[in-house]
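These notes concern the structure reproduced below.
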Amino acid sequence: MLGRSILRASNRTFARSLGKSTRAASTSAGEAASSPFYLTLTAGLATAAAAGSTAWYYHLYGQEAFAMTPAEEGLHATQYPWVHERFNKTFDHAALRRGFQVYREVCASCHSLTRVPWRSMVGTMHTVDEMKAMAEDNEYDTEPNSEGNIEKRPGKLSDYIPAPYPNDEAARAANGRHGGCNYVFSLLTGYPDEAPAGAAVAEGMNFNPYFPGTGIAMGRVLFDGVVEYEDGTPATTSQMAKDVVEFLNWSAEPEMDDRKKMGVKSVALLTGLFAISVWVKRYKWAPLKTRKIVYSPPIGPRR
């Protein structure tokens, strides 16, 4: 019994001494980790790793980043005051008529409007008889007859404007974005008489600073007087570019005029409904907002 008591006492003493030494070791390790030297070393290693990864990324990808620069997008187009972009203005329909004339006489040989039917221009820029005459100037394929042959027929108002190429592959082979009207106008009027000194243009290409890479296969097509307007408007390069850009904008969204008219009607209607709702709210809530609540305690029995 005496031996067992001595053994248990020695074990407890050893355990206490082991716990003290463990706590002392952990305390010294924590102090070492939180010392200024180790903190400075850790921060330095993290900074060096971040700088190295940044330099490595720039070495791989930094040389090719040309987003929103002339090398990537071409010279940025000037912002012009287009009247039809105002919320309360519509297209200039006289300009649309002139622009369609420029498109037919200059642009239609290379650029198509295959999703625009002849009938969509009736009442917008031409009369029914005028559009019928223009449609009949083009030939369209008929349905195969009993012998399987396809014949030609004059165009109708329900037909779409014909494409200048027989298929998409031919169009891609012959023709060689952002900015909308400003980009197209700047591109059409941005051809200089001569390429500036130092500009490298491949053979068969034309210099235009607004086109990505400054080399474009399409040459200048708008020259002063190339079109004779029906209404006598001087056919300058900028005038023709402005008119054809407006026409192309209309062909992209012919419903714009109706949409703006509907917007004005909607704003007027919603404004009236809002005023009525405010009046109804005040009328319905007035008795509740102006009421006075009075508490009358019960009168107890007289003593």
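Here's how to read the names in the structure tokens: chain A, B, ... by the order shown, residue numbers from 1 in each chain, ligand numbers from 1 in the order shown.
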Can you tell me which residues surround Glu151 (chain A) at a distance of at most 12 Å, considering only C-alpha atoms, apart from same-chain residues fewer than 3 positions away, and format the answer as a PDB file with C-alpha atoms, in the first residue's frame?
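Written output follows (part_21.pdb):
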ATOM      1  CA  GLU A 139     -37.408  40.128-110.161  1.00  0.00           C
ATOM      2  CA  TYR A 140     -38.175  37.379-107.670  1.00  0.00           C
ATOM      3  CA  ASP A 141     -38.380  33.596-107.959  1.00  0.00           C
ATOM      4  CA  THR A 142     -41.799  31.994-108.225  1.00  0.00           C
ATOM      5  CA  GLU A 143     -42.849  28.681-106.726  1.00  0.00           C
ATOM      6  CA  PRO A 144     -41.838  25.631-108.802  1.00  0.00           C
ATOM      7  CA  ASN A 145     -44.434  24.826-111.452  1.00  0.00           C
ATOM      8  CA  SER A 146     -45.774  21.372-112.310  1.00  0.00           C
ATOM      9  CA  GLU A 147     -42.566  20.598-114.163  1.00  0.00           C
ATOM     10  CA  GLY A 148     -40.341  21.769-111.317  1.00  0.00           C
ATOM     11  CA  PRO A 154     -42.016  41.290-110.851  1.00  0.00           C
TER      12      PRO A 154
END
Fill in: Straight-line distance linking CA of Thr124 (chain A) with CA of Cys110 (chain A), stated in Å to one decimal
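These atoms are spaced 24.4 Å apart.
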Discussion item. Residues of region 97-286 of chain A classed as helix (DSSP H, G or I) by DSSP on the backbone are to be reported as number ranges by chain.
Written reply: A: 97-107, 118-121, 128-136, 168-174, 180-188, 237-252, 256-286
Contact check, region 84-111 of chain A to region 250-253 of chain A, at most 10 Å, counting only C-alpha atoms, closest pairs as a Markdown table:
| residue | atom | partner | partner_atom | distance |
| --- | --- | --- | --- | --- |
| A:His84 | CA | A:Trp250 | CA | 9.7 |
| A:Phe91 | CA | A:Trp250 | CA | 7.6 |
| A:Asp92 | CA | A:Trp250 | CA | 9.9 |
| A:His93 | CA | A:Trp250 | CA | 9.6 |
| A:Leu96 | CA | A:Trp250 | CA | 7.7 |
| A:Phe100 | CA | A:Ser251 | CA | 9.8 |
Worksheet entry | CA of Thr236 (chain A) to CA of Asp224 (chain A), straight-line distance in Å |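 That distance, rounded to one decimal, is 4.4 Å.
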Practice prompt. Show which residues sit within 6 Å of region 117-119 of chain A, as a PyMOL selection string. Count only C-alpha atoms, and ignore same-chain residues fewer than 2 positions away.
Written response: chain A and resi 121-122+157+159-161
Worksheet item: Using only C-alpha atoms, which residues sit within 12 Å of Ala202 (chain A) once same-chain residues fewer than 2 positions away are excluded, as a list of chain:residue names?
Response: A:Ala195, A:Ala199, A:Ala200, A:Gly204, A:Met205, A:Asn206, A:Phe207, A:Gly213, A:Thr214, A:Gly215, A:Ile216, A:Ala217
Next, dump the selected residues to file, keeping only all heavy atoms, as a CSV table (one decimal), in the first residue's frame.
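Output file again-v3.csv follows:
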chain,number,residue,atom,x,y,z
A,195,ALA,N,-3.3,58.8,-97.2
A,195,ALA,CA,-3.0,58.3,-95.8
A,195,ALA,C,-2.0,59.1,-95.2
A,195,ALA,O,-1.0,59.6,-95.8
A,195,ALA,CB,-2.6,56.9,-95.9
A,199,ALA,N,1.5,55.9,-91.7
A,199,ALA,CA,0.4,54.9,-91.7
A,199,ALA,C,0.6,53.7,-92.6
A,199,ALA,O,1.0,54.0,-93.8
A,199,ALA,CB,-1.0,55.6,-92.0
A,200,ALA,N,0.5,52.5,-92.1
A,200,ALA,CA,0.8,51.3,-92.9
A,200,ALA,C,-0.5,50.7,-93.3
A,200,ALA,O,-1.3,50.3,-92.5
A,200,ALA,CB,1.6,50.3,-92.1
A,204,GLY,N,-4.6,46.9,-101.4
A,204,GLY,CA,-6.0,46.7,-101.7
A,204,GLY,C,-6.9,47.2,-100.6
A,204,GLY,O,-8.2,47.1,-100.6
A,205,MET,N,-6.3,47.8,-99.5
A,205,MET,CA,-7.1,48.4,-98.4
A,205,MET,C,-7.1,49.9,-98.5
A,205,MET,O,-6.2,50.5,-99.1
A,205,MET,CB,-6.5,47.9,-97.1
A,205,MET,CG,-6.4,46.4,-96.9
A,205,MET,SD,-8.0,45.5,-96.9
A,205,MET,CE,-8.5,45.9,-95.2
A,206,ASN,N,-8.0,50.5,-97.8
A,206,ASN,CA,-8.1,52.0,-97.7
A,206,ASN,C,-8.0,52.4,-96.3
A,206,ASN,O,-8.5,51.8,-95.4
A,206,ASN,CB,-9.5,52.4,-98.3
A,206,ASN,CG,-9.7,51.9,-99.7
A,206,ASN,OD1,-9.2,52.6,-100.7
A,206,ASN,ND2,-10.4,50.8,-99.9
A,207,PHE,N,-7.3,53.6,-96.1
A,207,PHE,CA,-7.1,54.1,-94.8
A,207,PHE,C,-8.3,54.8,-94.3
A,207,PHE,O,-8.9,55.7,-95.0
A,207,PHE,CB,-5.9,55.0,-94.8
A,207,PHE,CG,-5.7,55.7,-93.4
A,207,PHE,CD1,-5.0,55.0,-92.5
A,207,PHE,CD2,-6.2,56.9,-93.1
A,207,PHE,CE1,-4.7,55.5,-91.2
A,207,PHE,CE2,-5.9,57.5,-91.9
A,207,PHE,CZ,-5.2,56.8,-90.9
A,213,GLY,N,-8.1,48.9,-86.8
A,213,GLY,CA,-6.9,48.6,-87.6
A,213,GLY,C,-6.6,49.6,-88.7
A,213,GLY,O,-5.6,49.5,-89.3
A,214,THR,N,-7.5,50.6,-88.9
A,214,THR,CA,-7.4,51.7,-89.9
A,214,THR,C,-7.4,51.2,-91.3
A,214,THR,O,-7.3,52.0,-92.2
A,214,THR,CB,-6.2,52.6,-89.6
A,214,THR,OG1,-5.0,51.8,-89.9
A,214,THR,CG2,-6.1,53.0,-88.2
A,215,GLY,N,-7.4,49.9,-91.6
A,215,GLY,CA,-7.4,49.4,-93.0
A,215,GLY,C,-8.8,48.8,-93.3
A,215,GLY,O,-9.2,47.8,-92.7
A,216,ILE,N,-9.5,49.3,-94.3
A,216,ILE,CA,-10.8,48.8,-94.6
A,216,ILE,C,-10.9,48.6,-96.1
A,216,ILE,O,-10.3,49.3,-96.9
A,216,ILE,CB,-11.9,49.9,-94.2
A,216,ILE,CG1,-13.3,49.4,-94.5
A,216,ILE,CG2,-11.7,51.2,-94.9
A,216,ILE,CD1,-14.4,50.3,-94.0
A,217,ALA,N,-11.6,47.5,-96.5
A,217,ALA,CA,-11.7,47.1,-97.9
A,217,ALA,C,-12.6,48.0,-98.6
A,217,ALA,O,-12.4,48.2,-99.8
A,217,ALA,CB,-12.1,45.6,-98.0
